[in-house]
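Engineer: This is the content of query.txt (compact mmCIF, C-alpha atoms):
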```txt
# COMPACT_ATOMS: atom_id res chain seq x y z
CA MET A 1 95.53 95.14 42.34
CA LYS A 2 98.93 93.79 41.29
CA ASN A 3 100.66 96.80 42.89
CA PHE A 4 98.52 96.40 45.97
CA THR A 5 99.63 92.77 46.35
CA ILE A 6 103.31 93.62 45.93
CA HIS A 7 103.27 96.32 48.58
CA LEU A 8 101.19 94.21 50.93
CA VAL A 9 103.91 91.53 50.70
CA ILE A 10 106.53 94.17 51.52
CA LEU A 11 104.61 95.33 54.59
CA ILE A 12 104.11 91.76 55.79
CA PHE A 13 107.82 91.11 55.29
CA LEU A 14 108.69 94.05 57.52
CA PHE A 15 106.23 92.86 60.16
CA VAL A 16 107.49 89.27 60.12
CA SER A 17 111.09 90.46 60.35
CA LYS A 18 110.26 92.24 63.60
CA VAL A 19 108.51 89.18 65.01
CA MET A 20 111.55 87.06 64.13
CA GLY A 21 113.72 89.26 66.30
CA GLN A 22 115.26 91.84 63.97
CA GLU A 23 115.38 94.57 66.61
CA THR A 24 117.71 96.96 64.75
CA PHE A 25 114.91 98.34 62.57
CA GLU A 26 112.78 99.01 65.63
CA ALA A 27 115.63 100.72 67.47
CA ARG A 28 116.33 103.13 64.63
CA ALA A 29 112.61 103.81 64.19
CA ARG A 30 112.44 104.66 67.89
CA GLN A 31 115.27 107.15 67.48
CA ILE A 32 113.37 108.89 64.69
CA ALA A 33 110.15 108.89 66.74
CA ASN A 34 112.12 110.33 69.66
CA LYS A 35 113.31 113.12 67.37
CA ILE A 36 109.73 113.91 66.32
CA GLU A 37 108.55 113.97 69.93
CA LYS A 38 111.42 116.29 70.92
CA VAL A 39 110.66 118.70 68.09
CA THR A 40 106.98 118.81 69.03
CA LYS A 41 107.64 119.44 72.71
CA GLU A 42 110.22 122.15 72.01
CA GLU A 43 108.00 124.04 69.58
CA LYS A 44 104.97 123.77 71.88
CA GLU A 45 107.04 125.10 74.79
CA THR A 46 108.24 128.00 72.64
CA LEU A 47 104.66 128.74 71.59
CA LYS A 48 103.58 128.68 75.24
CA GLN A 49 106.22 131.29 76.11
CA GLU A 50 105.22 133.46 73.15
CA VAL A 51 101.55 133.32 74.15
CA GLU A 52 102.43 134.24 77.74
CA ALA A 53 104.31 137.28 76.42
CA VAL A 54 101.19 138.33 74.50
CA ASN A 55 99.10 137.90 77.66
CA VAL A 56 101.51 140.16 79.54
CA GLN A 57 101.10 142.85 76.88
CA LEU A 58 97.33 142.48 77.11
CA SER A 59 97.31 142.76 80.90
CA GLU A 60 99.48 145.89 80.73
CA GLY A 61 97.06 147.49 78.28
CA LYS A 62 99.59 147.71 75.46
CA ILE A 63 97.32 145.79 73.07
CA THR A 64 93.59 145.12 72.80
CA GLN A 65 91.88 141.74 73.21
CA GLU A 66 91.31 141.58 69.46
CA GLN A 67 94.98 142.25 68.77
CA ALA A 68 95.98 139.62 71.32
CA ASP A 69 93.73 136.96 69.77
CA LYS A 70 95.04 137.76 66.29
CA ARG A 71 98.65 137.60 67.48
CA LYS A 72 98.10 134.26 69.23
CA LYS A 73 96.57 132.79 66.07
CA GLU A 74 99.53 133.99 63.99
CA LEU A 75 102.00 132.50 66.47
CA ALA A 76 100.16 129.15 66.51
CA GLU A 77 100.09 128.99 62.69
CA ALA A 78 103.81 129.84 62.48
CA ARG A 79 104.76 127.12 64.98
CA ALA A 80 102.55 124.61 63.18
CA ILE A 81 104.44 125.29 59.94
CA ILE A 82 107.80 124.85 61.69
CA ILE A 83 106.66 121.56 63.26
CA GLU A 84 105.40 120.28 59.90
CA GLU A 85 108.70 121.12 58.17
CA LYS A 86 110.81 119.44 60.85
CA VAL A 87 108.54 116.40 61.07
CA THR A 88 108.66 116.04 57.26
CA LEU A 89 112.46 115.71 57.47
CA ALA A 90 112.08 112.95 60.06
CA GLN A 91 109.43 111.26 57.90
CA ASN A 92 111.86 111.23 54.97
CA GLU A 93 114.47 109.65 57.21
CA LEU A 94 111.98 106.95 58.21
CA ASN A 95 111.13 106.35 54.53
CA GLU A 96 114.82 105.72 53.85
CA LEU A 97 114.97 103.37 56.83
CA VAL A 98 112.03 101.33 55.49
CA GLN A 99 113.66 101.15 52.07
CA GLU A 100 116.92 99.94 53.66
CA LYS A 101 114.94 97.26 55.44
CA VAL A 102 113.29 96.16 52.21
CA ASP A 103 116.67 96.09 50.42
CA GLY A 104 118.17 93.96 53.20
CA LYS A 105 120.80 96.53 54.13
CA ILE A 106 119.98 96.54 57.87
CA LYS A 107 121.81 93.89 59.86
CA GLN A 108 121.39 92.83 63.46
CA LYS A 109 124.92 93.94 64.33
CA ASP A 110 124.38 97.52 63.14
CA ILE A 111 123.07 98.72 66.50
CA PRO A 112 123.81 96.84 69.73
CA ALA A 113 120.77 95.97 71.81
CA SER A 114 122.30 97.78 74.78
CA TYR A 115 121.77 101.09 72.94
CA TYR A 116 118.02 100.71 72.54
CA ILE A 117 115.99 103.69 73.66
CA ARG A 118 113.59 103.10 76.51
CA TRP A 119 110.46 105.22 76.30
CA ALA A 120 108.40 104.38 79.33
CA LYS A 121 108.92 106.31 82.50
CA ASN A 122 110.15 104.29 85.47
CA ASP A 123 111.46 101.68 83.02
CA CYS A 124 115.18 102.35 83.16
CA LYS A 125 116.26 98.74 83.69
CA LYS A 126 115.89 96.36 80.77
CA ASP A 127 113.97 93.70 82.72
CA SER A 128 112.30 95.94 85.26
CA ILE A 129 108.67 95.15 86.12
CA ARG A 130 106.10 97.86 85.61
CA SER A 131 104.31 99.21 88.64
CA GLU A 132 100.59 98.59 89.18
CA ARG A 133 99.39 101.41 86.94
CA ARG A 134 96.10 100.82 85.16
CA THR A 135 96.79 103.60 82.62
CA THR A 136 99.99 104.08 80.61
CA SER A 137 100.89 106.33 77.69
CA GLN A 138 102.48 105.68 74.31
CA PHE A 139 103.91 107.68 71.44
CA VAL A 140 102.34 106.50 68.16
CA PHE A 141 103.89 106.73 64.72
CA ALA A 142 102.41 105.16 61.58
CA LEU A 143 103.19 105.25 57.88
CA GLY A 144 102.20 103.41 54.75
CA LEU A 145 100.26 103.45 51.51
CA ASN A 146 97.28 105.67 50.83
CA ASN A 147 94.55 105.72 48.18
CA THR A 148 90.82 106.18 47.69
CA MET A 149 87.97 103.76 47.12
CA VAL A 150 84.78 104.18 45.09
CA ASP A 151 82.08 101.57 45.56
CA GLY A 152 84.59 99.26 47.22
CA LYS A 153 87.22 99.52 44.44
CA TYR A 154 90.72 101.04 44.58
CA GLN A 155 91.38 104.03 42.32
CA ASP A 156 94.59 102.65 40.82
CA SER A 157 93.94 104.49 37.54
CA ASN A 158 93.57 107.90 39.23
CA TYR A 159 96.35 107.85 41.82
CA SER A 160 99.83 106.37 42.01
CA PHE A 161 99.80 103.48 44.46
CA ILE A 162 103.47 103.60 45.49
CA GLY A 163 103.57 107.41 45.42
CA SER A 164 100.48 107.96 47.55
CA HIS A 165 101.17 107.56 51.24
CA PHE A 166 100.08 108.53 54.73
CA TYR A 167 101.73 109.43 58.02
CA GLU A 168 100.28 109.61 61.50
CA TRP A 169 101.85 110.56 64.80
CA GLY A 170 100.46 111.36 68.21
CA PHE A 171 100.03 110.27 71.79
CA THR A 172 97.66 107.72 73.31
CA TYR A 173 96.58 106.55 76.75
CA ASN A 174 96.12 102.84 77.36
CA SER A 175 93.78 101.93 80.24
CA ARG A 176 93.35 98.36 81.47
CA LEU A 177 89.61 97.83 81.84
CA MET A 178 89.63 94.94 84.33
CA LYS A 179 91.47 94.98 87.61
CA ASN A 180 92.70 91.39 87.55
CA ASP A 181 92.83 90.62 83.85
CA ASN A 182 95.12 92.05 81.17
CA LEU A 183 93.11 91.25 78.04
CA LEU A 184 90.93 94.31 77.48
CA HIS A 185 92.26 97.86 77.20
CA ALA A 186 90.75 101.18 76.15
CA LYS A 187 93.15 103.12 73.95
CA TYR A 188 92.48 106.79 73.19
CA GLY A 189 94.44 109.92 72.40
CA LEU A 190 95.25 112.68 69.91
CA SER A 191 96.93 112.34 66.48
CA LEU A 192 97.87 114.26 63.37
CA MET A 193 97.13 112.41 60.11
CA TYR A 194 98.80 113.30 56.81
CA ASN A 195 97.00 111.77 53.79
CA ASN A 196 98.72 112.17 50.41
CA ILE A 197 97.51 111.14 46.97
CA ARG A 198 99.44 111.57 43.72
CA PRO A 199 97.30 111.89 40.57
CA THR A 200 98.48 109.92 37.52
CA ASP A 201 98.75 110.86 33.84
CA ASN A 202 100.13 114.38 34.42
CA ARG A 203 96.94 115.54 36.16
CA TYR A 204 96.21 117.86 39.07
CA PHE A 205 93.12 119.01 40.99
CA VAL A 206 91.05 121.94 39.76
CA VAL A 207 88.09 123.47 41.62
CA ASN A 208 84.98 124.12 39.52
CA GLY A 209 82.32 125.52 41.84
CA ASP A 210 81.40 122.78 44.28
CA GLN A 211 83.24 120.13 42.22
CA THR A 212 86.93 119.26 42.55
CA ASN A 213 88.12 117.36 39.48
CA LEU A 214 91.32 116.05 37.95
CA GLN A 215 92.57 117.93 34.92
CA THR A 216 95.54 117.33 32.60
CA ASN A 217 98.27 119.93 32.97
CA ALA A 218 99.61 121.69 29.86
CA VAL A 219 103.22 121.38 31.13
CA ASN A 220 104.74 118.01 32.01
CA LEU A 221 104.66 117.64 35.80
CA THR A 222 107.54 115.91 37.58
CA GLU A 223 105.36 115.72 40.69
CA SER A 224 101.68 116.22 41.48
CA ARG A 225 100.69 115.65 45.10
CA PHE A 226 97.56 116.51 47.09
CA ARG A 227 97.92 116.53 50.88
CA ASN A 228 95.31 116.80 53.63
CA VAL A 229 96.22 117.17 57.29
CA TYR A 230 93.76 116.18 60.02
CA LEU A 231 93.71 116.55 63.79
CA VAL A 232 91.85 113.50 65.08
CA LEU A 233 90.78 111.75 68.27
CA PRO A 234 91.36 108.00 67.80
CA ALA A 235 89.79 105.42 70.13
CA HIS A 236 90.26 101.64 70.11
CA LEU A 237 89.34 98.62 72.15
CA GLU A 238 92.62 96.73 72.39
CA PHE A 239 93.07 93.03 73.13
CA ASP A 240 96.52 92.48 74.64
CA PHE A 241 97.64 88.86 75.09
CA THR A 242 100.63 89.72 77.28
CA ARG A 243 100.67 87.31 80.21
CA PRO A 244 100.85 88.65 83.77
CA THR A 245 104.17 88.40 85.63
CA VAL A 246 104.26 87.02 89.17
CA LYS A 247 107.08 88.07 91.47
CA ASP A 248 107.30 87.65 95.25
CA GLY A 249 103.68 86.53 95.28
CA LYS A 250 102.44 89.68 93.56
CA THR A 251 100.97 89.87 90.06
CA TYR A 252 102.15 92.57 87.66
CA PHE A 253 100.50 93.48 84.36
CA LYS A 254 102.63 94.61 81.43
CA THR A 255 101.50 95.79 78.00
CA HIS A 256 102.88 95.52 74.46
CA LYS A 257 104.93 92.39 75.26
CA SER A 258 103.04 89.91 73.09
CA PHE A 259 100.45 89.72 70.32
CA ARG A 260 97.67 92.29 70.39
CA PHE A 261 95.01 93.76 68.15
CA GLY A 262 92.67 96.72 68.30
CA VAL A 263 89.40 97.77 66.70
CA GLY A 264 87.87 101.22 66.79
CA GLY A 265 87.79 104.46 64.90
CA TYR A 266 88.59 108.15 64.83
CA ALA A 267 86.98 111.55 64.34
CA GLY A 268 88.47 114.96 63.77
CA ILE A 269 88.82 118.06 61.64
CA ASN A 270 90.74 119.09 58.55
CA VAL A 271 93.42 121.64 59.44
CA LYS A 272 95.11 122.03 56.05
CA SER A 273 94.72 121.11 52.39
CA LYS A 274 97.35 121.87 49.79
CA GLN A 275 98.53 120.82 46.35
CA ILE A 276 102.21 120.53 45.45
CA LEU A 277 103.20 120.72 41.78
CA LYS A 278 106.72 120.44 40.37
CA PHE A 279 107.83 120.88 36.76
CA GLU A 280 110.82 121.78 34.65
CA GLU A 281 110.93 124.35 31.85
CA GLU A 282 113.94 125.57 29.88
CA ASP A 283 116.36 123.83 32.28
CA LEU A 284 114.73 125.57 35.26
CA LYS A 285 112.97 123.69 38.06
CA TYR A 286 109.76 125.07 39.54
CA LYS A 287 107.75 124.14 42.63
CA SER A 288 104.28 125.46 43.33
CA THR A 289 102.48 124.95 46.65
CA ILE A 290 98.81 125.92 46.46
CA LYS A 291 96.80 126.02 49.70
CA GLY A 292 93.04 126.13 49.72
CA GLU A 293 89.85 124.41 50.78
CA TYR A 294 89.41 122.37 47.55
CA ASN A 295 85.86 121.49 48.71
CA VAL A 296 87.38 118.96 51.12
CA ASN A 297 85.16 117.81 53.99
CA ASN A 298 86.07 119.83 57.08
CA PHE A 299 85.10 116.91 59.33
CA ILE A 300 86.54 113.41 59.13
CA TYR A 301 85.46 110.16 60.77
CA GLY A 302 86.25 106.54 60.09
CA VAL A 303 87.07 103.06 61.32
CA SER A 304 90.50 101.58 61.97
CA SER A 305 92.11 98.38 63.16
CA TYR A 306 95.58 97.00 63.84
CA ILE A 307 97.14 93.65 64.66
CA GLY A 308 100.70 93.15 65.74
CA TYR A 309 103.38 91.91 68.05
CA ARG A 310 104.85 94.09 70.79
CA GLU A 311 105.32 97.67 69.50
CA LEU A 312 104.82 96.94 65.78
CA SER A 313 101.48 96.35 64.06
CA LEU A 314 99.88 96.16 60.64
CA TYR A 315 97.45 99.08 60.50
CA VAL A 316 94.39 99.84 58.36
CA LYS A 317 92.09 102.89 58.46
CA TYR A 318 89.13 103.88 56.29
CA ASP A 319 87.24 107.17 56.13
CA LEU A 320 83.48 106.69 56.29
CA ASN A 321 82.80 110.12 54.79
CA PRO A 322 84.05 111.09 51.31
CA LEU A 323 87.16 113.17 50.72
CA PHE A 324 85.28 115.91 48.82
CA GLN A 325 81.98 117.32 50.07
CA ASP A 326 79.80 117.45 46.94
CA ASN A 327 81.67 115.61 44.19
CA LEU A 328 79.44 113.46 42.02
CA VAL A 329 81.84 110.54 42.52
CA LYS A 330 82.27 109.79 46.22
CA GLU A 331 85.88 108.90 47.02
CA ASN A 332 86.67 107.54 50.48
CA ASN A 333 90.25 107.56 51.73
CA ILE A 334 91.83 104.26 52.76
CA SER A 335 95.28 103.71 54.29
CA MET A 336 97.32 100.63 55.11
CA GLY A 337 100.76 100.41 56.65
CA LEU A 338 102.88 99.95 59.76
CA ARG A 339 102.11 101.33 63.20
CA PHE A 340 104.55 101.76 66.10
CA ASP A 341 103.30 102.13 69.69
CA PHE A 342 106.33 103.11 71.78
CA ASN A 343 106.02 102.74 75.54
```
As structure tokens - that is how I would like this structure written.
Structural biologist:
Amino acid sequence: MKNFTIHLVILIFLFVSKVMGQETFEARARQIANKIEKVTKEEKETLKQEVEAVNVQLSEGKITQEQADKRKKELAEARAIIIEEKVTLAQNELNELVQEKVDGKIKQKDIPASYYIRWAKNDCKKDSIRSERRTTSQFVFALGLNNTMVDGKYQDSNYSFIGSHFYEWGFTYNSRLMKNDNLLHAKYGLSLMYNNIRPTDNRYFVVNGDQTNLQTNAVNLTESRFRNVYLVLPAHLEFDFTRPTVKDGKTYFKTHKSFRFGVGGYAGINVKSKQILKFEEEDLKYKSTIKGEYNVNNFIYGVSSYIGYRELSLYVKYDLNPLFQDNLVKENNISMGLRFDFN
């Protein structure tokens, strides 16, 4: 729990710094999020063109329906790998940014406010007032610490606290529920969640029938990491305390301009599980990536909540079903970190 307290203080420090007006961190985080969004859109557009080419071949009778379906699946898997690799690079960049923030290396003068990236459509002017749209969209990016809980207790002895982390990115819609009041919003969308845990004491996961257990490795491991990737549908009821703006006798409702918090949950499917092991032997470095099912639950569902100011929030999510399907010890994943909702 000592490690948990230390990292909680770090996360709160980052959050308070944003509230106190340190906009440089947010601006650079937006640039990284913009990069992730661009990569995703480009790869999806490329995939769309590749699928259309397959459809043309099918319509011309050059391939069968079975061949077309197989080819489309291969193309989708290949693009997913490319997206994951490029997003991982951006995630590493964001990790370095967070560390710079913690070390106090980021100053207000680093990036002028006039260079901030504006995400919302029809929001080109800095002080422009949003039109009367009940539903808006946001790009969501979250990162932080990840671990498991058994009977309400953290598994500090099994997994490295600082080394285990999570990432989440996706898109959400934000719908104001009442016509003349800005408090209640329904927030829903689509996200990819990356949950990582790093076993301690030179251990790694081994599958024994329907059990997935930790086992000590014969060779000293420089890294042991277990990653699960989920495609989920998150939904939250959001309370936004942004006050309405009145101009020329007309009332306008903005979002993400003040304190807000949300409560809700998520549900989705596991799309990938893999274990990454690194070790050195006779001055040679080795890396092994092992993909498999590992008896991980194919379906995921849980509860989540966030509280924050403007785009930045403290974020917590907890899986209600265990990580592994039939393990004797039921481990439920829990994550805590920072969440960015970019308009």
Engineer: Would you pick out the contacts of region 218-230 of chain A at 10 Å or less, using all atoms listed in the file, so that residues sharing its chain but fewer than 2 positions from it are not included, and give the list as a VMD selection string?
Structural biologist: chain A and resid 159 to 160 163 to 168 191 to 205 215 to 216 232 to 233 267 to 281 285 to 291 293 296 298 to 300 323
Engineer: Box in all listed atoms of region 192-199 of chain A, axis-aligned, with 4 Å more on each side; write out centre and edge lengths in Å to one decimal as AutoDock Vina command-line options.
Structural biologist:
```
--center_x 98.2 --center_y 112.7 --center_z 52.0 --size_x 10.4 --size_y 11.1 --size_z 30.8
```
Engineer: Go through A:Leu284, A:Leu143, A:Glu45, A:Leu183 and flag the residue nearest Ser313 (chain A), using all atoms listed in the file for the distances.
Structural biologist: A:Leu143
Engineer: Between A:Pro234, A:Lys250, A:Leu214, A:Glu77, which is the closest to Ser157 (chain A) once you count only C-alpha atoms?
Structural biologist: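 Distance minimum relative to Ser157 (chain A) lands on A:Leu214.
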Engineer: With all atoms listed in the file as the counted atoms, please give the residues lying no more than 12 Å from region 70-75 of chain A, apart from itself and same-chain residues fewer than 2 positions off, as a PyMOL selection string.
Structural biologist: chain A and resi 43-44+46-55+57-58+63-68+77-82
Engineer: Output C-alpha atoms of each residue in that selection to a file, as an mmCIF file, in the coordinates of the input.
Structural biologist:
```cif
data_model
loop_
_atom_site.group_PDB
_atom_site.id
_atom_site.type_symbol
_atom_site.label_atom_id
_atom_site.label_comp_id
_atom_site.auth_asym_id
_atom_site.auth_seq_id
_atom_site.Cartn_x
_atom_site.Cartn_y
_atom_site.Cartn_z
ATOM 1 C CA GLU A 43 108.000 124.040 69.580
ATOM 2 C CA LYS A 44 104.970 123.770 71.880
ATOM 3 C CA THR A 46 108.240 128.000 72.640
ATOM 4 C CA LEU A 47 104.660 128.740 71.590
ATOM 5 C CA LYS A 48 103.580 128.680 75.240
ATOM 6 C CA GLN A 49 106.220 131.290 76.110
ATOM 7 C CA GLU A 50 105.220 133.460 73.150
ATOM 8 C CA VAL A 51 101.550 133.320 74.150
ATOM 9 C CA GLU A 52 102.430 134.240 77.740
ATOM 10 C CA ALA A 53 104.310 137.280 76.420
ATOM 11 C CA VAL A 54 101.190 138.330 74.500
ATOM 12 C CA ASN A 55 99.100 137.900 77.660
ATOM 13 C CA GLN A 57 101.100 142.850 76.880
ATOM 14 C CA LEU A 58 97.330 142.480 77.110
ATOM 15 C CA ILE A 63 97.320 145.790 73.070
ATOM 16 C CA THR A 64 93.590 145.120 72.800
ATOM 17 C CA GLN A 65 91.880 141.740 73.210
ATOM 18 C CA GLU A 66 91.310 141.580 69.460
ATOM 19 C CA GLN A 67 94.980 142.250 68.770
ATOM 20 C CA ALA A 68 95.980 139.620 71.320
ATOM 21 C CA GLU A 77 100.090 128.990 62.690
ATOM 22 C CA ALA A 78 103.810 129.840 62.480
ATOM 23 C CA ARG A 79 104.760 127.120 64.980
ATOM 24 C CA ALA A 80 102.550 124.610 63.180
ATOM 25 C CA ILE A 81 104.440 125.290 59.940
ATOM 26 C CA ILE A 82 107.800 124.850 61.690
#
```
Engineer: So how far away is CA of Glu42 (chain A) from CA of Val56 (chain A), in Å?
Structural biologist: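 One can read the CA of Val56 (chain A) to CA of Glu42 (chain A) distance as 21.4 Å.
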Engineer: Just give me the gap between CA of Ile83 (chain A) and CA of Val207 (chain A) in Å, one decimal is fine.
Structural biologist: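 Going from CA of Ile83 (chain A) over to CA of Val207 (chain A) covers 28.6 Å.
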Engineer: If you measure from CA of Asn174 (chain A) to CA of Asn332 (chain A), what distance in Å do you get, rounded to one decimal?
Structural biologist: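 Between CA of Asn174 (chain A) and CA of Asn332 (chain A) the gap is 28.9 Å.
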Engineer: Looking at all atoms listed in the file, which of A:Ser304, A:Ser59, A:Asn343, A:Asn295 is the one that sits closest to Asn208 (chain A)?
Structural biologist: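 Using all atoms listed in the file, the shortest distance to Asn208 (chain A) belongs to A:Asn295.
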Engineer: Kindly indicate which residue among A:Leu231, A:Val329, A:Ala186, A:Ile162 lies nearest to Thr135 (chain A), using only C-alpha atoms for the distances.
Structural biologist: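 So, comparing all the options, the nearest one is A:Ala186.
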